[in-house]
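Text of the file my_file19.txt, holding compact mmCIF, C-alpha atoms and all ligand atoms:
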```txt
# COMPACT_ATOMS: atom_id res chain seq x y z
CA MET N 116 122.45 86.77 95.26
CA GLN N 117 124.78 86.54 92.31
CA ILE N 118 123.85 84.20 89.44
CA TYR N 119 126.42 82.71 87.06
CA SER N 120 125.37 80.80 83.94
CA ILE N 121 128.31 78.52 83.40
CA GLU N 122 129.68 76.70 80.35
CA PHE N 123 132.09 74.07 81.66
CA THR N 124 134.58 75.03 78.94
CA LYS N 125 134.81 78.65 80.17
CA ILE N 126 134.94 78.90 83.95
CA PRO N 127 135.11 82.53 85.06
CA ASP N 128 137.23 83.66 87.98
CA LEU N 129 135.13 82.68 91.01
CA PRO N 130 135.48 83.14 94.76
CA LYS N 131 136.05 80.27 97.20
CA THR N 132 132.69 78.85 98.34
CA VAL N 133 130.84 76.15 100.23
CA CYS N 134 128.34 74.71 97.71
CA CYS N 135 125.50 72.24 97.55
CA ILE N 136 124.88 70.45 94.26
CA GLY N 137 121.95 68.89 92.38
CA PHE N 138 118.83 69.68 90.35
CA PHE N 139 116.77 70.82 93.34
CA ASP N 140 113.41 70.76 91.54
CA GLY N 141 110.77 71.59 94.17
CA LEU N 142 113.26 72.46 96.92
CA HIS N 143 111.66 69.72 99.01
CA LYS N 144 112.49 68.94 102.65
CA GLY N 145 115.55 66.84 101.64
CA HIS N 146 116.90 69.73 99.56
CA GLN N 147 116.14 72.15 102.41
CA LEU N 148 118.33 70.04 104.71
CA LEU N 149 121.20 70.41 102.23
CA LEU N 150 120.64 74.16 101.98
CA LYS N 151 120.61 74.55 105.73
CA THR N 152 123.87 72.58 106.05
CA THR N 153 125.45 74.67 103.27
CA LEU N 154 124.50 77.95 104.97
CA GLU N 155 125.83 76.71 108.33
CA GLU N 156 129.13 75.40 106.89
CA ALA N 157 129.67 78.60 104.91
CA ARG N 158 129.14 80.67 108.06
CA LYS N 159 131.60 78.48 110.03
CA LYS N 160 134.23 78.76 107.31
CA HIS N 161 133.63 82.49 106.67
CA LEU N 162 132.99 81.79 102.99
CA PRO N 163 130.10 82.65 100.69
CA SER N 164 127.44 79.93 100.26
CA GLY N 165 126.69 78.58 96.81
CA ALA N 166 124.36 76.20 95.02
CA ILE N 167 125.33 74.39 91.81
CA LEU N 168 122.33 73.55 89.61
CA PHE N 169 122.10 71.89 86.22
CA ASP N 170 119.86 73.26 83.50
CA PRO N 171 118.15 72.20 81.31
CA ASP N 172 117.06 68.82 82.57
CA PRO N 173 119.02 65.92 80.91
CA TRP N 174 115.69 64.61 79.52
CA THR N 175 115.55 67.58 77.12
CA LEU N 176 118.85 66.48 75.50
CA PHE N 177 117.04 63.45 74.10
CA HIS N 178 113.75 65.24 73.37
CA PRO N 179 115.03 68.57 71.97
CA ASP N 180 111.64 69.62 70.56
CA GLU N 181 109.71 69.09 73.77
CA GLU N 182 109.56 71.28 76.81
CA MET N 183 109.61 69.71 80.25
CA ASP N 184 107.44 70.77 83.15
CA HIS N 185 108.82 71.26 86.65
CA LEU N 186 107.59 71.63 90.22
CA THR N 187 109.68 74.80 90.35
CA PRO N 188 110.68 76.06 86.89
CA ILE N 189 114.18 77.52 86.93
CA GLU N 190 113.08 81.18 87.48
CA LYS N 191 111.08 80.15 90.55
CA ARG N 192 113.96 78.02 91.84
CA GLU N 193 116.29 81.04 91.50
CA ALA N 194 113.90 83.18 93.56
CA MET N 195 113.66 80.46 96.24
CA PHE N 196 117.45 80.15 96.55
CA GLN N 197 117.69 83.93 96.83
CA GLU N 198 115.10 84.01 99.61
CA ALA N 199 116.89 81.16 101.39
CA GLY N 200 119.97 83.37 101.66
CA ILE N 201 122.32 81.54 99.26
CA ASP N 202 125.00 84.01 98.10
CA ILE N 203 125.87 82.57 94.68
CA LEU N 204 123.92 80.40 92.26
CA TYR N 205 125.81 78.52 89.55
CA ILE N 206 123.60 77.31 86.73
CA MET N 207 125.65 74.76 84.82
CA HIS N 208 124.59 74.51 81.18
CA PHE N 209 123.76 70.83 80.75
CA THR N 210 124.86 69.73 77.27
CA LYS N 211 125.82 66.36 75.75
CA GLU N 212 129.48 67.35 76.16
CA PHE N 213 128.90 68.23 79.82
CA ALA N 214 127.08 64.92 80.36
CA ALA N 215 130.07 63.07 78.87
CA LEU N 216 132.61 64.40 81.43
CA THR N 217 134.38 61.71 83.42
CA TYR N 218 134.12 61.97 87.17
CA GLU N 219 137.78 63.04 87.29
CA ASP N 220 136.99 65.90 84.84
CA PHE N 221 134.03 66.81 87.03
CA HIS N 222 136.27 67.04 90.12
CA GLU N 223 138.65 69.26 88.14
CA LEU N 224 135.71 71.48 87.24
CA LEU N 225 134.63 71.87 90.88
CA PHE N 226 138.23 72.63 91.79
CA ASP N 227 138.47 75.26 89.02
CA MET N 228 135.27 76.80 90.41
CA HIS N 229 137.10 77.11 93.77
CA VAL N 230 134.57 74.98 95.65
CA GLN N 231 136.15 74.35 99.07
CA ALA N 232 133.43 72.14 100.51
CA LEU N 233 130.63 70.32 98.71
CA VAL N 234 127.33 69.37 100.37
CA CYS N 235 125.36 66.57 98.68
CA GLY N 236 123.11 63.62 99.40
CA THR N 237 124.80 60.24 99.95
CA ASP N 238 123.02 58.99 96.80
CA PHE N 239 124.17 61.89 94.59
CA HIS N 240 125.44 60.71 91.17
CA TYR N 241 127.17 62.73 88.49
CA ALA N 242 129.39 62.58 85.39
CA SER N 243 129.28 60.23 82.41
CA HIS N 244 126.93 57.25 82.92
CA ASN N 245 126.44 58.38 86.52
CA SER N 246 129.91 56.98 87.24
CA GLY N 247 130.52 59.59 89.96
CA SER N 248 129.14 58.81 93.41
CA ILE N 249 129.74 59.73 97.02
CA HIS N 250 132.61 57.19 96.99
CA THR N 251 134.46 58.86 94.09
CA LEU N 252 133.85 62.26 95.69
CA LYS N 253 135.27 61.10 99.01
CA ALA N 254 138.23 59.44 97.29
CA GLN N 255 139.50 62.78 95.93
CA GLU N 256 141.29 64.87 98.51
CA ARG N 257 141.13 68.48 97.38
CA ILE N 258 137.49 69.30 98.23
CA GLU N 259 135.86 68.57 101.58
CA ILE N 260 132.71 66.46 101.09
CA ILE N 261 129.76 66.79 103.46
CA ALA N 262 127.34 63.94 102.77
CA ILE N 263 123.75 64.01 103.99
CA ASP N 264 121.72 60.82 104.48
CA PRO N 265 118.47 60.75 102.52
CA LEU N 266 115.51 62.29 104.31
CA MET N 267 112.66 59.78 104.25
CA GLU N 268 108.89 60.13 104.29
CA ASP N 269 107.36 57.96 107.04
CA GLN N 270 110.66 56.05 107.18
CA ILE N 271 109.61 54.24 104.02
CA GLU N 272 110.46 56.16 100.87
CA LYS N 273 113.12 58.74 100.12
CA ILE N 274 111.72 62.22 99.53
CA SER N 275 112.55 63.06 95.92
CA SER N 276 111.42 65.43 93.19
CA SER N 277 110.18 62.54 91.05
CA LYS N 278 108.08 61.10 93.89
CA ILE N 279 106.47 64.51 94.52
CA GLU N 280 105.87 65.07 90.80
CA LYS N 281 103.96 61.77 90.57
CA GLU N 282 101.87 62.71 93.60
CA ILE N 283 100.97 66.11 92.13
CA GLU N 284 100.06 64.54 88.79
CA ALA N 285 97.84 62.04 90.59
CA GLY N 286 96.14 64.80 92.60
CA ARG N 287 97.63 63.54 95.88
CA ILE N 288 98.38 67.06 97.07
CA GLU N 289 98.50 66.35 100.80
CA GLU N 290 101.27 63.77 100.30
CA ALA N 291 103.17 66.12 97.99
CA ASN N 292 102.84 69.02 100.42
CA ALA N 293 104.07 66.84 103.29
CA SER N 294 107.30 66.14 101.36
CA LEU N 295 107.68 69.70 100.12
CA GLY N 296 107.08 71.12 103.59
CA TYR N 297 105.02 73.91 102.05
CA MET N 298 101.96 74.31 99.79
CA TYR N 299 102.49 73.40 96.13
CA SER N 300 101.77 76.44 93.94
CA ILE N 301 101.63 77.60 90.36
CA ASP N 302 102.46 81.19 89.42
CA GLY N 303 100.98 83.12 86.53
CA THR N 304 98.83 85.96 85.27
CA ILE N 305 95.03 86.21 85.31
CA ARG N 306 93.58 86.30 81.76
CA HIS N 307 90.06 86.54 80.36
CA GLY N 308 88.06 83.29 80.18
CA PHE N 309 84.69 82.88 78.44
CA GLN N 310 82.98 84.87 81.23
CA ARG N 311 80.48 82.08 81.81
CA GLY N 312 81.46 82.04 85.46
CA SER N 313 80.28 85.58 86.12
CA LYS N 314 77.47 85.76 83.52
CA ILE N 315 75.86 82.28 83.52
CA LEU N 316 76.88 80.62 86.78
CA ASN N 317 77.04 83.65 89.05
CA ILE N 318 80.27 82.20 90.41
CA PRO N 319 83.07 84.27 88.86
CA THR N 320 86.39 82.54 88.19
CA ALA N 321 89.88 83.89 87.63
CA ASN N 322 91.66 82.05 84.80
CA LEU N 323 95.39 81.52 85.32
CA GLU N 324 97.94 81.55 82.52
CA PRO N 325 101.03 79.97 84.12
CA ASP N 326 104.19 82.00 83.53
CA SER N 327 106.31 78.88 82.96
CA LEU N 328 105.83 75.16 82.49
CA PHE N 329 104.68 73.98 85.94
CA THR N 330 103.75 70.38 86.73
CA LEU N 331 99.96 70.49 86.88
CA PRO N 332 97.85 68.66 89.44
CA ALA N 333 95.48 66.00 88.03
CA ILE N 334 92.27 67.25 86.43
CA GLY N 335 89.83 67.98 89.22
CA VAL N 336 88.62 70.41 91.85
CA TYR N 337 90.86 71.54 94.73
CA ALA N 338 90.65 73.54 97.93
CA GLY N 339 93.46 76.06 98.22
CA TYR N 340 94.38 79.70 98.15
CA MET N 341 95.11 82.49 95.72
CA LYS N 342 98.11 84.62 96.66
CA LEU N 343 97.98 88.23 95.50
CA LYS N 344 100.89 90.44 96.54
CA ASN N 345 101.48 89.16 100.08
CA SER N 346 97.89 88.19 100.92
CA TYR N 347 96.32 84.74 100.78
CA TYR N 348 92.64 84.36 99.86
CA PRO N 349 90.71 81.07 100.29
CA ALA N 350 89.82 79.66 96.88
CA MET N 351 88.44 76.61 95.11
CA ILE N 352 90.43 75.76 92.02
CA ASN N 353 89.41 73.77 88.96
CA ILE N 354 91.84 72.21 86.51
CA GLY N 355 90.24 70.72 83.43
CA PHE N 356 88.21 71.10 80.26
CA ASN N 357 84.89 72.32 81.72
CA PRO N 358 83.14 69.27 80.12
CA THR N 359 79.68 70.73 80.80
CA PHE N 360 80.60 73.38 78.22
CA GLY N 361 82.99 71.22 76.15
CA ASN N 362 86.10 73.40 76.16
CA THR N 363 88.92 72.19 73.91
CA HIS N 364 91.84 73.41 76.01
CA LYS N 365 92.71 72.82 79.65
CA SER N 366 92.02 75.72 81.97
CA ILE N 367 93.24 76.49 85.49
CA GLU N 368 90.69 78.68 87.21
CA ALA N 369 89.76 79.65 90.74
CA HIS N 370 86.69 81.01 92.42
CA VAL N 371 88.14 83.12 95.21
CA LEU N 372 85.76 83.07 98.18
CA ASP N 373 84.23 86.34 99.41
CA PHE N 374 86.30 88.37 96.94
CA ASP N 375 85.24 90.85 94.27
CA GLN N 376 88.30 92.73 93.01
CA ASP N 377 89.26 92.94 89.35
CA LEU N 378 92.10 90.44 88.79
CA TYR N 379 92.67 90.73 85.04
CA GLY N 380 96.38 91.12 84.27
CA LYS N 381 97.37 90.55 87.90
CA LYS N 382 100.32 88.30 88.85
CA VAL N 383 99.07 85.69 91.33
CA SER N 384 99.81 82.20 92.59
CA PHE N 385 97.32 79.38 93.08
CA LEU N 386 98.23 77.22 96.09
CA PHE N 387 96.89 73.69 96.46
CA VAL N 388 95.79 72.10 99.75
CA GLN N 389 93.56 69.11 98.92
CA LYS N 390 91.63 67.56 96.03
CA ILE N 391 87.88 67.75 96.57
CA ARG N 392 86.46 65.78 93.64
CA PRO N 393 86.94 64.92 89.96
CA GLU N 394 85.67 67.31 87.27
CA HIS N 395 82.24 66.13 85.98
CA LYS N 396 80.07 66.71 82.92
CA PHE N 397 76.78 67.96 84.35
CA ASP N 398 73.41 67.53 82.61
CA SER N 399 72.44 71.13 83.27
CA ILE N 400 73.91 74.44 84.31
CA GLU N 401 71.68 74.31 87.42
CA ALA N 402 73.26 71.00 88.47
CA LEU N 403 76.77 72.48 88.05
CA LYS N 404 75.74 75.55 90.10
CA THR N 405 74.40 73.35 92.91
CA GLN N 406 77.67 71.39 92.94
CA LEU N 407 79.76 74.59 92.98
CA LYS N 408 77.82 75.86 96.03
CA GLN N 409 78.55 72.55 97.74
CA ASP N 410 82.24 72.90 96.75
CA ILE N 411 82.37 76.31 98.45
CA GLU N 412 81.25 74.70 101.72
CA THR N 413 83.69 71.81 101.34
CA THR N 414 86.51 74.28 100.67
CA ARG N 415 85.67 76.27 103.79
CA GLN N 416 85.66 73.08 105.88
CA ILE N 417 89.01 71.89 104.54
CA LEU N 418 90.72 75.26 104.94
CA ALA N 419 89.33 75.65 108.48
CA LYS N 420 91.40 72.62 109.57
CA LYS N 421 94.67 74.54 109.34
CA SER N 422 95.13 78.30 109.40
CA ILE N 423 97.23 79.97 106.73
CA GLN N 424 99.73 81.08 109.41
CA ASP N 425 100.38 77.43 110.24
CA TRP N 426 101.61 76.71 106.71
CA SER N 427 105.38 77.04 106.26
CA SER N 428 107.11 78.77 103.44
CA VAL N 429 110.38 77.16 102.31
CA ILE N 430 112.30 79.96 103.88
CA ASN N 431 111.03 79.67 107.41
CA LEU N 432 111.73 75.93 107.28
CA LEU N 433 115.44 76.66 106.88
C1 LIG N 501 85.71 74.97 91.85
C2 LIG N 501 85.24 74.78 90.44
C3 LIG N 501 84.74 73.56 90.07
C4 LIG N 501 84.31 73.35 88.77
N1 LIG N 501 83.83 72.13 88.41
C5 LIG N 501 83.39 71.91 87.14
C6 LIG N 501 82.90 70.64 86.74
O1 LIG N 501 82.86 69.67 87.52
N2 LIG N 501 82.45 70.51 85.46
C7 LIG N 501 82.50 71.53 84.56
O2 LIG N 501 82.09 71.33 83.43
N3 LIG N 501 82.99 72.72 84.90
C8 LIG N 501 83.43 72.94 86.17
N4 LIG N 501 83.93 74.16 86.53
C9 LIG N 501 84.15 75.14 85.48
C10 LIG N 501 82.96 75.99 85.17
O3 LIG N 501 82.26 75.38 84.15
C11 LIG N 501 83.63 77.28 84.70
O4 LIG N 501 83.96 77.99 85.85
C12 LIG N 501 82.80 78.09 83.80
O5 LIG N 501 82.67 77.42 82.58
C13 LIG N 501 83.39 79.48 83.61
O6 LIG N 501 84.43 79.49 82.72
P1 LIG N 501 85.03 80.89 82.20
O7 LIG N 501 85.83 81.48 83.33
O8 LIG N 501 85.91 80.52 81.04
O9 LIG N 501 83.91 81.75 81.82
C14 LIG N 501 84.37 74.38 87.82
C15 LIG N 501 84.90 75.63 88.23
C16 LIG N 501 85.34 75.84 89.52
C17 LIG N 501 85.91 77.16 89.91
N1 LIG N 502 115.56 63.16 100.55
C1 LIG N 502 116.77 63.69 100.47
N2 LIG N 502 117.52 63.83 101.60
C2 LIG N 502 118.76 64.36 101.55
N3 LIG N 502 119.33 64.80 100.41
C3 LIG N 502 118.64 64.67 99.27
C4 LIG N 502 117.32 64.14 99.24
N4 LIG N 502 116.87 64.17 97.97
C5 LIG N 502 117.88 64.68 97.24
N5 LIG N 502 118.93 64.98 98.01
C6 LIG N 502 120.20 65.58 97.57
O1 LIG N 502 119.90 66.91 97.13
C7 LIG N 502 120.67 67.22 95.98
C8 LIG N 502 119.74 67.57 94.86
O2 LIG N 502 118.93 66.45 94.62
P1 LIG N 502 118.31 66.19 93.17
O3 LIG N 502 117.38 67.28 92.88
O4 LIG N 502 119.42 66.01 92.19
O5 LIG N 502 117.59 64.78 93.41
P2 LIG N 502 116.14 64.32 93.94
O6 LIG N 502 115.45 65.31 94.81
O7 LIG N 502 116.38 62.94 94.51
O8 LIG N 502 115.30 64.25 92.62
P3 LIG N 502 115.04 63.12 91.54
O9 LIG N 502 113.78 62.49 91.95
O10 LIG N 502 114.91 63.90 90.26
O11 LIG N 502 116.22 62.18 91.56
C9 LIG N 502 121.57 66.01 95.70
O12 LIG N 502 122.82 66.23 96.29
C10 LIG N 502 120.80 64.87 96.37
O13 LIG N 502 121.63 63.80 96.72
```

Once more with this new file: its structure as structure tokens, please.
Amino acid sequence: MQIYSIEFTKIPDLPKTVCCIGFFDGLHKGHQLLLKTTLEEARKKHLPSGAILFDPDPWTLFHPDEEMDHLTPIEKREAMFQEAGIDILYIMHFTKEFAALTYEDFHELLFDMHVQALVCGTDFHYASHNSGSIHTLKAQERIEIIAIDPLMEDQIEKISSSKIEKEIEAGRIEEANASLGYMYSIDGTIRHGFQRGSKILNIPTANLEPDSLFTLPAIGVYAGYMKLKNSYYPAMINIGFNPTFGNTHKSIEAHVLDFDQDLYGKKVSFLFVQKIRPEHKFDSIEALKTQLKQDIETTRQILAKKSIQDWSSVINLL
């Protein structure tokens, strides 16, 4: 896959393409439908497939000193588009000047990028003050527009990145996973913790340092998996401040079941299946240990309901 970082003022010489367009945070089931349509249309037209993304998020224009978390930070999104089989990724640099383009300027830009057909949701908005819509796109005649009706969850609510983000932040992982179509995960590197897990509790934990700003599930204990290379290991994951010990910073740690390899420095992902319980302050280390043993059993029961092979990855959904 070829990646172009694009300033709208300097469009390089680009091939003709069939492109989808949007932010695509999370690459949820609605986005996957767009990707699938893009790949099919590109094949029919014998053209390369493309995806046009905007980065950074518009929110950062108004909060320049703050970083924004994502379901799929841009590096992860790039890897997912590559795996999906998209030929070219256009990352449009989102600036105040870019945001101020009229919808006519925006059409000119797509034309200059040699987009032959554009795949988007019927509720896609773009250009200054969101003045561009599916109606303005269809009113221009140079680029074919393929509009996709919103994919709904339970015929009630549109699947969207913001809906999924709220679910993750509330710990409603099963709902989020249903809209994503795959297990929500956070990627990072295993770092040293305080070693209380192995030395005091006898339940060793691997502490994750995320490699970008991921949206974190609510504080609490989760059943899930750790992915190392291409293997998935059942795990119980805790996100929180370890109140029994009074930590001052939030940690993301997992006890991987029936596992005793050294993980320090290893690149892994933690995958979330279901919240088990809130994080508690226990009166004694013994009480915490008893609870952790119970959590191991609960994790086994939850994971036994669905085998790892029955979980989809984004790519085999397409
Ligand atoms: C599944 C799981 C659940 C946990 N639940 C709690 C909890 O409810 N309260 C708490 O204070 N710590 C909880 N912990 C965190 C332990 O206190 C923590 O693993 C221990 O302090 C080791 O930290 P260390 O890796 O920095 O040494 C939990 C850890 C795991 C893996
Ligand atoms: N549920 C859906 N079904 C079909 N297409 C969708 C769906 N959600 C988004 N799209 C389309 O996918 C593209 C990328 O969507 P985008 O990431 O901009 O919006 P979103 O998923 O609705 O997120 P947000 O909650 O941030 O608005 C757009 O063309 C959009 O119209």

Specify the axis-aligned box that encloses all atoms of ligand LIG 502 (chain N) listed in the file after padding of 8 Å on each side, stating its centre and edge lengths in Å to one decimal as lines of an AutoDock Vina configuration file.
```
center_x = 118.3
center_y = 64.9
center_z = 95.9
size_x = 25.0
size_y = 21.4
size_z = 27.3
```

Subject >> Distance query segment 316-319 of chain N at most 12 Å, all atoms listed in the file, self and fewer than 2 positions along chain excluded, as number ranges by chain >> reply: N: 307-314, 321-322, 350-352, 359-360, 368-378, 399-408, 410-411

**OP:** Find, counting only C-alpha atoms and all ligand atoms, the residue in N:Pro349, N:Gly355, N:Pro188, N:Gly286 that gets nearest to ligand LIG 501 (chain N).
**Re:**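 Looking only at the distances to ligand LIG 501 (chain N), the closest residue turns out to be N:Gly355.
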
**OP:** Just the residues within 6 Å of segment 231-246 of chain N, please, counting all atoms listed in the file, with nothing from its chain fewer than 3 positions along; format it as a VMD selection string.
**Re:** chain N and resid 132 to 136 214 to 218 249 258 to 264

Polymer residues at most 6 Å from Met341 of chain N, all atoms listed in the file, same-chain spacing of 6 or more positions, as a short mmCIF file (atom, residue, chain, number, x, y, z; two decimals) with C-alpha atoms, in the frame of the given file:
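Output below, filename selection-v9.cif:
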```cif
data_model
loop_
_atom_site.label_atom_id
_atom_site.label_comp_id
_atom_site.auth_asym_id
_atom_site.auth_seq_id
_atom_site.Cartn_x
_atom_site.Cartn_y
_atom_site.Cartn_z
CA TYR N 347 96.32 84.74 100.78
CA TYR N 348 92.64 84.36 99.86
CA SER N 384 99.81 82.20 92.59
CA PHE N 385 97.32 79.38 93.08
#
```

**OP:** Tell me, in Å to one decimal, how far atom CA of Ile430 of chain N is from atom CA of Asp302 of chain N.
**Re:**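 So the two atoms, atom CA of Ile430 of chain N and atom CA of Asp302 of chain N, lie 17.5 Å apart.
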
Subject >> Within-9 Å residues of ligand LIG 502 (chain N), basis all atoms listed in the file, as a PyMOL selection string >> reply: chain N and resi 135-150+168-169+234-240+262-268+272-280+294

Just-selected residues, C-alpha atoms written as an mmCIF file, in the frame of the given file:
```cif
data_model
loop_
_atom_site.group_PDB
_atom_site.id
_atom_site.type_symbol
_atom_site.label_atom_id
_atom_site.label_comp_id
_atom_site.auth_asym_id
_atom_site.auth_seq_id
_atom_site.Cartn_x
_atom_site.Cartn_y
_atom_site.Cartn_z
ATOM 1 C CA CYS N 135 125.500 72.240 97.550
ATOM 2 C CA ILE N 136 124.880 70.450 94.260
ATOM 3 C CA GLY N 137 121.950 68.890 92.380
ATOM 4 C CA PHE N 138 118.830 69.680 90.350
ATOM 5 C CA PHE N 139 116.770 70.820 93.340
ATOM 6 C CA ASP N 140 113.410 70.760 91.540
ATOM 7 C CA GLY N 141 110.770 71.590 94.170
ATOM 8 C CA LEU N 142 113.260 72.460 96.920
ATOM 9 C CA HIS N 143 111.660 69.720 99.010
ATOM 10 C CA LYS N 144 112.490 68.940 102.650
ATOM 11 C CA GLY N 145 115.550 66.840 101.640
ATOM 12 C CA HIS N 146 116.900 69.730 99.560
ATOM 13 C CA GLN N 147 116.140 72.150 102.410
ATOM 14 C CA LEU N 148 118.330 70.040 104.710
ATOM 15 C CA LEU N 149 121.200 70.410 102.230
ATOM 16 C CA LEU N 150 120.640 74.160 101.980
ATOM 17 C CA LEU N 168 122.330 73.550 89.610
ATOM 18 C CA PHE N 169 122.100 71.890 86.220
ATOM 19 C CA VAL N 234 127.330 69.370 100.370
ATOM 20 C CA CYS N 235 125.360 66.570 98.680
ATOM 21 C CA GLY N 236 123.110 63.620 99.400
ATOM 22 C CA THR N 237 124.800 60.240 99.950
ATOM 23 C CA ASP N 238 123.020 58.990 96.800
ATOM 24 C CA PHE N 239 124.170 61.890 94.590
ATOM 25 C CA HIS N 240 125.440 60.710 91.170
ATOM 26 C CA ALA N 262 127.340 63.940 102.770
ATOM 27 C CA ILE N 263 123.750 64.010 103.990
ATOM 28 C CA ASP N 264 121.720 60.820 104.480
ATOM 29 C CA PRO N 265 118.470 60.750 102.520
ATOM 30 C CA LEU N 266 115.510 62.290 104.310
ATOM 31 C CA MET N 267 112.660 59.780 104.250
ATOM 32 C CA GLU N 268 108.890 60.130 104.290
ATOM 33 C CA GLU N 272 110.460 56.160 100.870
ATOM 34 C CA LYS N 273 113.120 58.740 100.120
ATOM 35 C CA ILE N 274 111.720 62.220 99.530
ATOM 36 C CA SER N 275 112.550 63.060 95.920
ATOM 37 C CA SER N 276 111.420 65.430 93.190
ATOM 38 C CA SER N 277 110.180 62.540 91.050
ATOM 39 C CA LYS N 278 108.080 61.100 93.890
ATOM 40 C CA ILE N 279 106.470 64.510 94.520
ATOM 41 C CA GLU N 280 105.870 65.070 90.800
ATOM 42 C CA SER N 294 107.300 66.140 101.360
#
```

Closest pair table for segment 199-314 of chain N residues within 9 Å of segment 176-184 of chain N, all atoms listed in the file, as CSV:
```
residue,atom,partner,partner_atom,distance
N:Phe209,CA,N:Leu176,CA,8.4
N:Thr210,CA,N:Leu176,CA,7.1
N:Lys211,CA,N:Leu176,CA,7.0
```

Original post:
atom CA of Ile391 of chain N to atom CA of Ser300 of chain N: how many Å, to one decimal?
Top reply: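 Taking atom CA of Ile391 of chain N and atom CA of Ser300 of chain N, their separation equals 16.6 Å.
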
Original post:
Restricting the calculation to only C-alpha atoms, which member of N:Lys191, N:Lys281, N:Lys381, N:Arg415 is positioned closest to Ala338 of chain N?
Top reply: N:Arg415

**OP:** One decimal, Å: what's the distance from atom CA of Pro171 of chain N over to atom CA of Leu328 of chain N, could you say?
**Re:** 12.7 Å

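Shell of Lys421 of chain N at 10 Å, with all atoms listed in the file counted and residues fewer than 5 places along the chain excluded, is Val388, Gln416 and Trp426 of chain N.
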
Original post:
Counting all atoms listed in the file, which of N:Ile167, N:Gly339, N:Arg158, N:Pro393 gets nearest to Glu193 of chain N?
Top reply: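 Nearest to Glu193 of chain N: N:Ile167.
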
**OP:** Dump as number ranges by chain all residues having an atom at most 9 Å from (91.2, 73.4, 82.1), computed in the file's coordinates with only C-alpha atoms.
**Re:** N: 334, 353-357, 362-368

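With distances restricted to all atoms listed in the file, N:Leu323 is the closest residue to ligand LIG 501 (chain N) from N:Ile203, N:Ile271, N:Leu224, N:Leu323.
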
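Taking all atoms listed in the file into account, ligand LIG 501 (chain N) lies nearest to N:Glu394 out of the set N:Asp425, N:Glu289, N:Glu394, N:Glu412.
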